[in-house]
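What follows is the content of coords_6.txt, which has compact mmCIF, C-alpha atoms and all ligand atoms:
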# COMPACT_ATOMS: atom_id res chain seq x y z
CA MET A 28 37.08 -66.46 -16.14
CA THR A 29 33.97 -65.29 -14.24
CA GLU A 30 34.07 -61.71 -12.90
CA TYR A 31 34.33 -61.61 -9.12
CA THR A 32 34.04 -58.51 -6.91
CA ASN A 33 35.43 -59.81 -3.61
CA ILE A 34 38.22 -62.12 -4.71
CA LEU A 35 41.01 -62.18 -7.26
CA VAL A 36 41.45 -65.37 -9.22
CA GLU A 37 44.59 -66.36 -11.10
CA LYS A 38 45.99 -69.47 -12.66
CA ARG A 39 49.75 -69.95 -12.63
CA GLY A 40 50.63 -73.04 -14.60
CA ARG A 41 48.73 -75.86 -12.91
CA VAL A 42 48.15 -73.88 -9.69
CA GLY A 43 45.10 -71.77 -8.87
CA LEU A 44 45.53 -68.72 -6.64
CA VAL A 45 42.52 -67.11 -4.97
CA THR A 46 43.09 -63.89 -3.06
CA LEU A 47 40.43 -62.56 -0.70
CA ASN A 48 40.11 -58.94 -1.70
CA ARG A 49 38.17 -56.85 0.78
CA PRO A 50 41.19 -55.39 2.59
CA GLU A 51 39.16 -52.39 3.79
CA ALA A 52 37.11 -54.85 5.89
CA LEU A 53 40.14 -57.06 6.70
CA ASN A 54 38.65 -59.57 4.23
CA ALA A 55 35.63 -60.20 6.45
CA LEU A 56 33.81 -63.17 4.98
CA ASP A 57 30.38 -61.92 3.99
CA LYS A 58 27.99 -64.10 2.02
CA ALA A 59 29.13 -62.71 -1.34
CA THR A 60 32.76 -63.56 -0.53
CA MET A 61 31.80 -67.06 0.56
CA ASP A 62 29.77 -67.65 -2.61
CA GLN A 63 32.50 -66.30 -4.88
CA LEU A 64 35.31 -68.20 -3.17
CA VAL A 65 33.37 -71.46 -3.25
CA ALA A 66 32.44 -70.93 -6.92
CA ALA A 67 36.01 -70.12 -7.94
CA VAL A 68 37.57 -73.10 -6.19
CA THR A 69 34.79 -75.45 -7.30
CA ALA A 70 35.60 -74.50 -10.91
CA MET A 71 39.28 -75.25 -10.26
CA ASP A 72 38.36 -78.57 -8.66
CA ALA A 73 36.65 -79.57 -11.90
CA ASP A 74 39.41 -78.20 -14.17
CA PRO A 75 41.86 -80.94 -15.18
CA GLY A 76 44.40 -78.17 -15.84
CA VAL A 77 44.52 -77.20 -12.14
CA GLY A 78 46.21 -79.56 -9.69
CA ALA A 79 46.24 -77.53 -6.46
CA VAL A 80 44.90 -74.25 -5.10
CA VAL A 81 46.28 -71.58 -2.77
CA VAL A 82 43.86 -69.37 -0.85
CA THR A 83 45.32 -66.22 0.65
CA GLY A 84 44.32 -62.83 2.05
CA SER A 85 45.43 -59.29 1.31
CA GLY A 86 46.54 -56.28 3.33
CA LYS A 87 46.69 -56.88 7.09
CA ALA A 88 44.63 -60.04 7.12
CA PHE A 89 43.99 -63.47 5.77
CA ALA A 90 40.45 -62.83 7.04
CA ALA A 91 39.25 -61.23 10.30
CA GLY A 92 36.18 -63.44 10.50
CA ALA A 93 32.65 -63.67 9.28
CA ASP A 94 31.24 -60.24 8.48
CA ILE A 95 30.02 -58.95 11.84
CA LYS A 96 28.16 -56.01 10.25
CA GLU A 97 26.21 -58.34 7.97
CA MET A 98 25.22 -60.58 10.88
CA ALA A 99 24.60 -58.10 13.67
CA SER A 100 20.89 -57.42 13.07
CA GLN A 101 19.86 -60.96 12.09
CA GLY A 102 17.38 -62.87 14.22
CA TYR A 103 17.34 -66.56 14.98
CA MET A 104 14.85 -67.37 12.23
CA ASP A 105 16.86 -65.34 9.70
CA MET A 106 19.97 -67.37 10.55
CA TYR A 107 18.10 -70.66 10.57
CA ALA A 108 16.08 -70.02 7.41
CA ALA A 109 19.19 -68.97 5.49
CA ASP A 110 21.17 -71.80 7.12
CA TRP A 111 23.89 -69.16 7.58
CA PHE A 112 27.41 -70.47 6.74
CA ARG A 113 26.04 -73.63 5.06
CA GLY A 114 27.86 -72.69 1.86
CA TRP A 115 31.17 -73.42 3.59
CA GLU A 116 30.27 -77.10 3.59
CA ASP A 117 30.77 -77.01 -0.19
CA PHE A 118 34.29 -75.72 0.41
CA THR A 119 35.03 -78.67 2.69
CA ARG A 120 33.82 -81.09 0.01
CA LEU A 121 36.38 -79.91 -2.56
CA ARG A 122 38.53 -82.77 -3.74
CA ILE A 123 41.45 -80.72 -5.05
CA PRO A 124 44.24 -80.00 -2.51
CA VAL A 125 43.90 -76.49 -1.06
CA ILE A 126 46.62 -74.66 0.87
CA ALA A 127 45.94 -71.60 3.06
CA ALA A 128 48.68 -68.97 2.91
CA VAL A 129 48.08 -66.90 6.06
CA SER A 130 49.63 -63.52 6.64
CA GLY A 131 48.29 -61.30 9.43
CA PHE A 132 44.95 -61.92 11.08
CA ALA A 133 43.12 -65.25 10.71
CA LEU A 134 40.34 -64.74 13.24
CA GLY A 135 36.97 -66.33 13.79
CA GLY A 136 35.70 -67.45 10.38
CA GLY A 137 39.14 -66.56 8.96
CA CYS A 138 40.81 -69.12 11.22
CA GLU A 139 38.00 -71.54 10.42
CA LEU A 140 38.46 -71.06 6.66
CA ALA A 141 42.21 -71.64 7.02
CA MET A 142 41.43 -74.86 8.91
CA MET A 143 39.04 -75.98 6.14
CA CYS A 144 42.03 -75.91 3.80
CA ASP A 145 44.22 -79.02 3.71
CA PHE A 146 47.14 -77.33 5.40
CA ILE A 147 48.24 -73.88 6.45
CA ILE A 148 51.50 -72.13 5.66
CA ALA A 149 51.82 -69.12 7.97
CA GLY A 150 53.81 -65.93 7.73
CA ASP A 151 55.72 -65.08 10.91
CA ASN A 152 53.24 -62.21 11.45
CA ALA A 153 50.18 -64.50 11.46
CA LYS A 154 47.69 -64.25 14.34
CA PHE A 155 45.13 -67.01 14.79
CA GLY A 156 42.15 -66.73 17.09
CA GLN A 157 38.53 -67.61 17.75
CA PRO A 158 37.36 -64.38 19.43
CA GLU A 159 33.63 -64.96 18.88
CA ILE A 160 33.07 -65.16 22.64
CA ASN A 161 33.76 -61.42 22.79
CA LEU A 162 30.78 -60.89 20.45
CA GLY A 163 28.42 -62.98 22.54
CA VAL A 164 28.57 -65.96 20.18
CA LEU A 165 30.82 -68.94 19.52
CA PRO A 166 32.58 -70.23 16.40
CA GLY A 167 30.02 -71.07 13.72
CA MET A 168 32.04 -72.35 10.76
CA GLY A 169 33.43 -75.44 12.46
CA GLY A 170 36.03 -73.86 14.76
CA SER A 171 35.05 -75.70 17.94
CA GLN A 172 35.45 -78.99 16.06
CA ARG A 173 38.38 -78.45 13.67
CA LEU A 174 40.50 -76.43 16.12
CA THR A 175 40.04 -79.10 18.79
CA ARG A 176 41.07 -81.83 16.36
CA ALA A 177 44.04 -79.75 15.18
CA VAL A 178 45.50 -78.55 18.50
CA GLY A 179 43.79 -80.69 21.16
CA LYS A 180 41.32 -79.83 23.88
CA ALA A 181 43.54 -77.73 26.16
CA LYS A 182 44.59 -75.14 23.61
CA ALA A 183 41.23 -75.13 21.81
CA MET A 184 39.42 -74.47 25.10
CA ASP A 185 41.95 -71.77 25.99
CA MET A 186 41.52 -70.01 22.64
CA ILE A 187 37.75 -70.38 22.34
CA LEU A 188 36.93 -69.51 25.97
CA THR A 189 39.33 -66.59 26.36
CA GLY A 190 39.34 -65.38 22.74
CA ARG A 191 43.12 -64.89 22.90
CA PHE A 192 45.14 -64.84 19.68
CA ILE A 193 48.15 -67.08 19.12
CA GLY A 194 51.13 -66.17 16.95
CA ALA A 195 52.67 -68.20 14.15
CA GLU A 196 55.26 -69.89 16.35
CA GLU A 197 52.67 -71.08 18.89
CA ALA A 198 50.43 -72.17 16.02
CA GLU A 199 53.21 -74.28 14.53
CA ARG A 200 54.14 -75.74 17.92
CA SER A 201 50.48 -76.68 18.42
CA GLY A 202 50.10 -78.41 15.05
CA LEU A 203 47.75 -75.82 13.58
CA VAL A 204 50.13 -74.85 10.77
CA SER A 205 52.59 -76.93 8.79
CA ARG A 206 55.29 -74.30 8.20
CA VAL A 207 56.18 -70.76 9.25
CA VAL A 208 58.02 -68.56 6.77
CA PRO A 209 58.88 -64.85 6.63
CA ALA A 210 55.63 -62.95 6.08
CA GLU A 211 56.73 -61.54 2.74
CA ASP A 212 57.36 -65.04 1.38
CA VAL A 213 54.16 -66.74 2.46
CA VAL A 214 52.32 -66.71 -0.87
CA GLU A 215 55.43 -67.73 -2.83
CA GLU A 216 56.10 -70.62 -0.42
CA ALA A 217 52.49 -71.77 -0.68
CA LEU A 218 52.60 -71.52 -4.47
CA LYS A 219 55.80 -73.58 -4.51
CA ALA A 220 54.18 -76.25 -2.34
CA ALA A 221 51.11 -76.17 -4.58
CA GLU A 222 53.30 -76.56 -7.68
CA VAL A 223 54.89 -79.64 -6.14
CA ILE A 224 51.45 -81.10 -5.46
CA ALA A 225 50.19 -80.13 -8.92
CA SER A 226 53.10 -81.98 -10.52
CA LYS A 227 51.73 -85.26 -9.10
CA SER A 228 48.82 -87.24 -10.46
CA LYS A 229 45.70 -85.18 -9.68
CA PRO A 230 43.42 -88.17 -8.96
CA VAL A 231 46.07 -89.70 -6.71
CA ALA A 232 46.49 -86.41 -4.81
CA MET A 233 42.70 -86.16 -4.43
CA LEU A 234 42.51 -89.72 -3.11
CA ALA A 235 45.41 -89.09 -0.72
CA LYS A 236 43.48 -86.06 0.60
CA GLU A 237 40.41 -88.26 1.07
CA ALA A 238 42.47 -90.84 2.95
CA VAL A 239 43.95 -88.26 5.35
CA ASN A 240 40.50 -86.74 5.89
CA ALA A 241 39.16 -90.20 6.72
CA ALA A 242 41.38 -90.07 9.81
CA PHE A 243 39.04 -87.38 11.16
CA GLU A 244 35.82 -89.16 10.31
CA THR A 245 36.45 -92.83 11.10
CA GLY A 246 38.05 -95.14 13.65
CA LEU A 247 41.60 -96.44 13.10
CA ALA A 248 40.74 -99.87 11.73
CA GLN A 249 38.16 -98.47 9.30
CA GLY A 250 40.52 -95.70 8.22
CA VAL A 251 43.40 -98.10 7.61
CA LEU A 252 41.10 -100.37 5.58
CA PHE A 253 39.87 -97.37 3.56
CA GLU A 254 43.48 -96.42 2.83
CA ARG A 255 44.41 -99.97 1.80
CA ARG A 256 41.44 -100.29 -0.54
CA ILE A 257 42.33 -96.99 -2.21
CA PHE A 258 45.92 -98.19 -2.46
CA HIS A 259 44.71 -101.35 -4.24
CA SER A 260 42.45 -99.35 -6.56
CA LEU A 261 45.35 -97.22 -7.78
CA PHE A 262 46.79 -100.29 -9.50
CA ALA A 263 44.04 -99.74 -12.07
CA SER A 264 45.47 -96.28 -12.88
CA GLU A 265 47.83 -95.32 -15.68
CA ASP A 266 49.70 -93.04 -13.28
CA GLN A 267 50.67 -95.96 -11.02
CA LYS A 268 52.16 -97.78 -14.03
CA GLU A 269 53.99 -94.63 -15.09
CA GLY A 270 55.18 -93.72 -11.58
CA MET A 271 56.62 -97.16 -10.88
CA ALA A 272 58.09 -97.55 -14.38
CA ALA A 273 59.79 -94.16 -14.04
CA PHE A 274 61.33 -95.23 -10.75
CA SER A 275 62.78 -98.39 -12.31
CA GLU A 276 64.01 -96.48 -15.35
CA LYS A 277 65.59 -93.80 -13.11
CA ARG A 278 63.67 -90.91 -14.71
CA GLN A 279 61.02 -88.41 -13.64
CA PRO A 280 57.43 -89.66 -14.08
CA GLU A 281 55.15 -87.97 -16.56
CA PHE A 282 51.69 -88.32 -15.11
CA ASN A 283 48.68 -87.99 -17.36
CA HIS A 284 46.22 -87.73 -14.45
CA ARG A 285 44.42 -90.94 -15.27
N1 LIG A 301 33.43 -58.11 10.15
C1 LIG A 301 33.16 -56.92 9.59
N2 LIG A 301 34.06 -55.92 9.54
C2 LIG A 301 35.29 -56.13 10.08
C3 LIG A 301 35.62 -57.34 10.68
C4 LIG A 301 34.64 -58.36 10.70
N3 LIG A 301 34.89 -59.58 11.21
N4 LIG A 301 36.89 -57.24 11.16
C5 LIG A 301 37.32 -56.03 10.83
N5 LIG A 301 36.35 -55.34 10.19
C6 LIG A 301 36.40 -53.96 9.69
C7 LIG A 301 36.37 -52.96 10.82
O1 LIG A 301 35.03 -52.74 11.23
C8 LIG A 301 36.98 -51.75 10.15
O2 LIG A 301 36.02 -51.16 9.30
P1 LIG A 301 35.76 -49.55 9.40
O3 LIG A 301 37.05 -48.95 8.92
O4 LIG A 301 34.62 -49.35 8.46
O5 LIG A 301 35.47 -49.25 10.83
C9 LIG A 301 38.05 -52.37 9.24
O6 LIG A 301 37.66 -53.73 9.07
C10 LIG A 301 39.44 -52.35 9.87
O7 LIG A 301 39.36 -52.95 11.13
P2 LIG A 301 39.89 -52.26 12.48
O8 LIG A 301 39.86 -50.77 12.35
O9 LIG A 301 39.18 -52.86 13.64
O10 LIG A 301 41.42 -52.73 12.45
P3 LIG A 301 42.41 -52.89 13.69
O11 LIG A 301 43.76 -53.12 13.10
O12 LIG A 301 42.25 -51.77 14.65
O13 LIG A 301 41.93 -54.22 14.45
C11 LIG A 301 41.21 -56.52 14.54
C12 LIG A 301 42.09 -55.47 13.83
C13 LIG A 301 41.77 -56.79 15.95
C14 LIG A 301 41.32 -57.79 13.71
C15 LIG A 301 39.76 -56.03 14.63
O14 LIG A 301 39.34 -55.58 13.36
C16 LIG A 301 38.78 -57.08 15.09
O15 LIG A 301 38.74 -57.40 16.28
N6 LIG A 301 38.00 -57.63 14.16
C17 LIG A 301 36.95 -58.60 14.48
C18 LIG A 301 37.54 -59.96 14.78
C19 LIG A 301 36.44 -60.91 15.15
O16 LIG A 301 35.76 -60.75 16.15
N7 LIG A 301 36.24 -61.95 14.34
C20 LIG A 301 35.17 -62.91 14.54
C21 LIG A 301 33.97 -62.54 13.72
S1 LIG A 301 32.54 -63.53 14.08
C22 LIG A 301 32.84 -64.98 13.27
O17 LIG A 301 33.80 -65.12 12.54
C23 LIG A 301 31.82 -66.07 13.47
C24 LIG A 301 32.25 -67.39 12.96
O18 LIG A 301 32.68 -68.23 13.66
C25 LIG A 301 32.11 -67.73 11.56
Same coordinates, now as structure tokens:
Amino acid sequence: MTEYTNILVEKRGRVGLVTLNRPEALNALDKATMDQLVAAVTAMDADPGVGAVVVTGSGKAFAAGADIKEMASQGYMDMYAADWFRGWEDFTRLRIPVIAAVSGFALGGGCELAMMCDFIIAGDNAKFGQPEINLGVLPGMGGSQRLTRAVGKAKAMDMILTGRFIGAEEAERSGLVSRVVPAEDVVEEALKAAEVIASKSKPVAMLAKEAVNAAFETGLAQGVLFERRIFHSLFASEDQKEGMAAFSEKRQPEFNHR
């Protein structure tokens, strides 16, 4: 596999695990980390041997935000010319299911990266926040949009305007995370969930992800039609024949991802 300096990349069976690895900077997401993370997960997306990915942090943080030190001296034209953060759009276009395993701080860009994943499993020590207002800026990797869709206007306004952090329990209550587990188990739980997903048909899982994401991009009638058309199209797949035959024959399906 490619050599990376800011992340660790592993493959466990059909699951990819990417660990942000700048613990001395609380995994602050500088450009190099963004580029490496996007490259690693893009390779997994294209690898038929990988069916799901877990992204996690290390040390005290999932990630404490975009790298403030890298940004501090930039001017408007530097930010605009570089189209700062644009690379994250590539992360949001991944088709493979991606789970965020969050232990410790997920702040600013860290919270935004977690929200770019398909769902978040949080350790009971997780702290989510959008504290950019304290730096004289606002979220820049989609936080004002994704947080609002995830938790609703009241809590998103509260978090973004005050910069306060919320704990794992409040995050689960608000719909930001799907499960809370003991902090020491968070990566294992996420890997287990990823293994379950990776045991399904990869193209079907990718299409299911597309269908759920359509709920954020389209109106209800259009979204329901999109779902139904995908549902119809799956009757051209080998995995639909196998999945339904296995049910009738009372055995586990053996998907061949076609
Ligand atoms: N960027 C760069 N470096 C960071 C960082 C960040 N976002 N967050 C932490 N670090 C660095 C610290 O500067 C420190 O480095 P040094 O040892 O060289 O001083 C190291 O990581 C450890 O951090 P602390 O000593 O501050 O650790 P702490 O336990 O005392 O505090 C914290 C933890 C409350 C998370 C604190 O580090 C903090 O407030 N971090 C910044 C959080 C933040 O504002 N995030 C938003 C960033 S802007 C953004 O993300 C924009 C966007 O929308 C994309």
**OP:** Taking only C-alpha atoms and all ligand atoms into account, report as a VMD selection string which residues have an atom no farther than 7 Å from an atom of ligand LIG 301 (chain A).
**Re:** chain A and resid 51 to 53 55 91 to 96 132 134 to 137 157 to 159 161 to 162 165 to 168 170
**OP:** Mind checking which residues fall within 12 Å of Leu140 (chain A), counting all atoms listed in the file, ignoring those fewer than 6 positions away in the same chain, and posting them as a ChimeraX atom specification?
**Re:** /A:47,54-56,60-61,64-65,82-84,89-93,112,114-119,125-129,133-134,146-147,155-157,166-170,173-174
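Using all atoms listed in the file, the nearest neighbour of Phe282 (chain A) within the list A:Gln63, A:Pro209, A:Lys268, A:Thr32 is A:Lys268.
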**OP:** Fewer than 2 positions away in the same chain doesn't count, so skip those; otherwise give me all residues within 8 Å of Pro230 (chain A), counting all atoms listed in the file, as number ranges by chain.
**Re:** A: 228, 232-234, 284-285
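The interatomic distance for the pair CA of Gly76 (chain A) and CA of Leu218 (chain A) works out to 15.5 Å.
Each of A:Val178, A:Ser85, A:Asn48, A:Ala59 was compared to Glu97 (chain A) using only C-alpha atoms, and A:Ala59 turns out to be the nearest.
Using only C-alpha atoms for every distance, the candidate list A:Asp266, A:Glu139, A:Glu37, A:Asp57 yields A:Asp266 as the residue closest to Lys227 (chain A).
Separating CA of Ala70 (chain A) from CA of Thr46 (chain A) is a distance of 15.2 Å.
Separating CA of Ala195 (chain A) from CA of Glu215 (chain A) is a distance of 17.2 Å.
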Contact table region 112-168 of chain A vs region 237-240 of chain A, cut-off 12 Å, shortest pair per residue, all atoms listed in the file, as JSON lines:
{"residue": "A:Thr119", "atom": "CA", "partner": "A:Asn240", "partner_atom": "CA", "distance": 10.3}
{"residue": "A:Arg120", "atom": "CA", "partner": "A:Glu237", "partner_atom": "CA", "distance": 9.8}
{"residue": "A:Leu121", "atom": "CA", "partner": "A:Glu237", "partner_atom": "CA", "distance": 10.0}
{"residue": "A:Arg122", "atom": "CA", "partner": "A:Glu237", "partner_atom": "CA", "distance": 7.5}
{"residue": "A:Ile123", "atom": "CA", "partner": "A:Glu237", "partner_atom": "CA", "distance": 9.8}
{"residue": "A:Pro124", "atom": "CA", "partner": "A:Glu237", "partner_atom": "CA", "distance": 9.8}
{"residue": "A:Met143", "atom": "CA", "partner": "A:Asn240", "partner_atom": "CA", "distance": 10.9}
{"residue": "A:Cys144", "atom": "CA", "partner": "A:Asn240", "partner_atom": "CA", "distance": 11.1}
{"residue": "A:Asp145", "atom": "CA", "partner": "A:Asn240", "partner_atom": "CA", "distance": 8.8}
{"residue": "A:Phe146", "atom": "CA", "partner": "A:Val239", "partner_atom": "CA", "distance": 11.4}
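Shell of region 196-200 of chain A at 9 Å, with all atoms listed in the file counted and residues fewer than 2 places along the chain excluded, is Ala149, Asp151, Ala153, Lys154, Phe155, Val178, Ile193, Gly194, Gly202, Leu203, Val204, Ser205, Arg206 and Val207 of chain A.
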Could you turn the residues from that selection into a file that holds C-alpha atoms, as a short mmCIF file (atom, residue, chain, number, x, y, z; two decimals), in the coordinates of the input?
data_model
loop_
_atom_site.label_atom_id
_atom_site.label_comp_id
_atom_site.auth_asym_id
_atom_site.auth_seq_id
_atom_site.Cartn_x
_atom_site.Cartn_y
_atom_site.Cartn_z
CA ALA A 149 51.82 -69.12 7.97
CA ASP A 151 55.72 -65.08 10.91
CA ALA A 153 50.18 -64.50 11.46
CA LYS A 154 47.69 -64.25 14.34
CA PHE A 155 45.13 -67.01 14.79
CA VAL A 178 45.50 -78.55 18.50
CA ILE A 193 48.15 -67.08 19.12
CA GLY A 194 51.13 -66.17 16.95
CA GLY A 202 50.10 -78.41 15.05
CA LEU A 203 47.75 -75.82 13.58
CA VAL A 204 50.13 -74.85 10.77
CA SER A 205 52.59 -76.93 8.79
CA ARG A 206 55.29 -74.30 8.20
CA VAL A 207 56.18 -70.76 9.25
#
Could you put an axis-aligned box around every listed atom of region 64-77 of chain A, padded by 6 Å on each side, and send me its centre and edge lengths in Å to one decimal, as AutoDock Vina command-line options?
--center_x 38.5 --center_y -74.6 --center_z -9.5 --size_x 24.1 --size_y 24.7 --size_z 24.7
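Proximity of A:Ile187, A:Ala181, A:Val208, A:Ala248 to Ile148 (chain A), computed with all atoms listed in the file, is greatest for A:Val208.
Distance check against Phe258 (chain A) using all atoms listed in the file: of A:Phe192, A:Val80, A:Val231, A:Lys38, the minimum falls on A:Val231.
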Original post:
Around (43.3, -79.1, -13.6) in the file's own coordinates, what residues are found within 10 Å if you use only C-alpha atoms, given back as a ChimeraX atom specification?
Top reply: /A:40-43,70-80,123,225,229,284
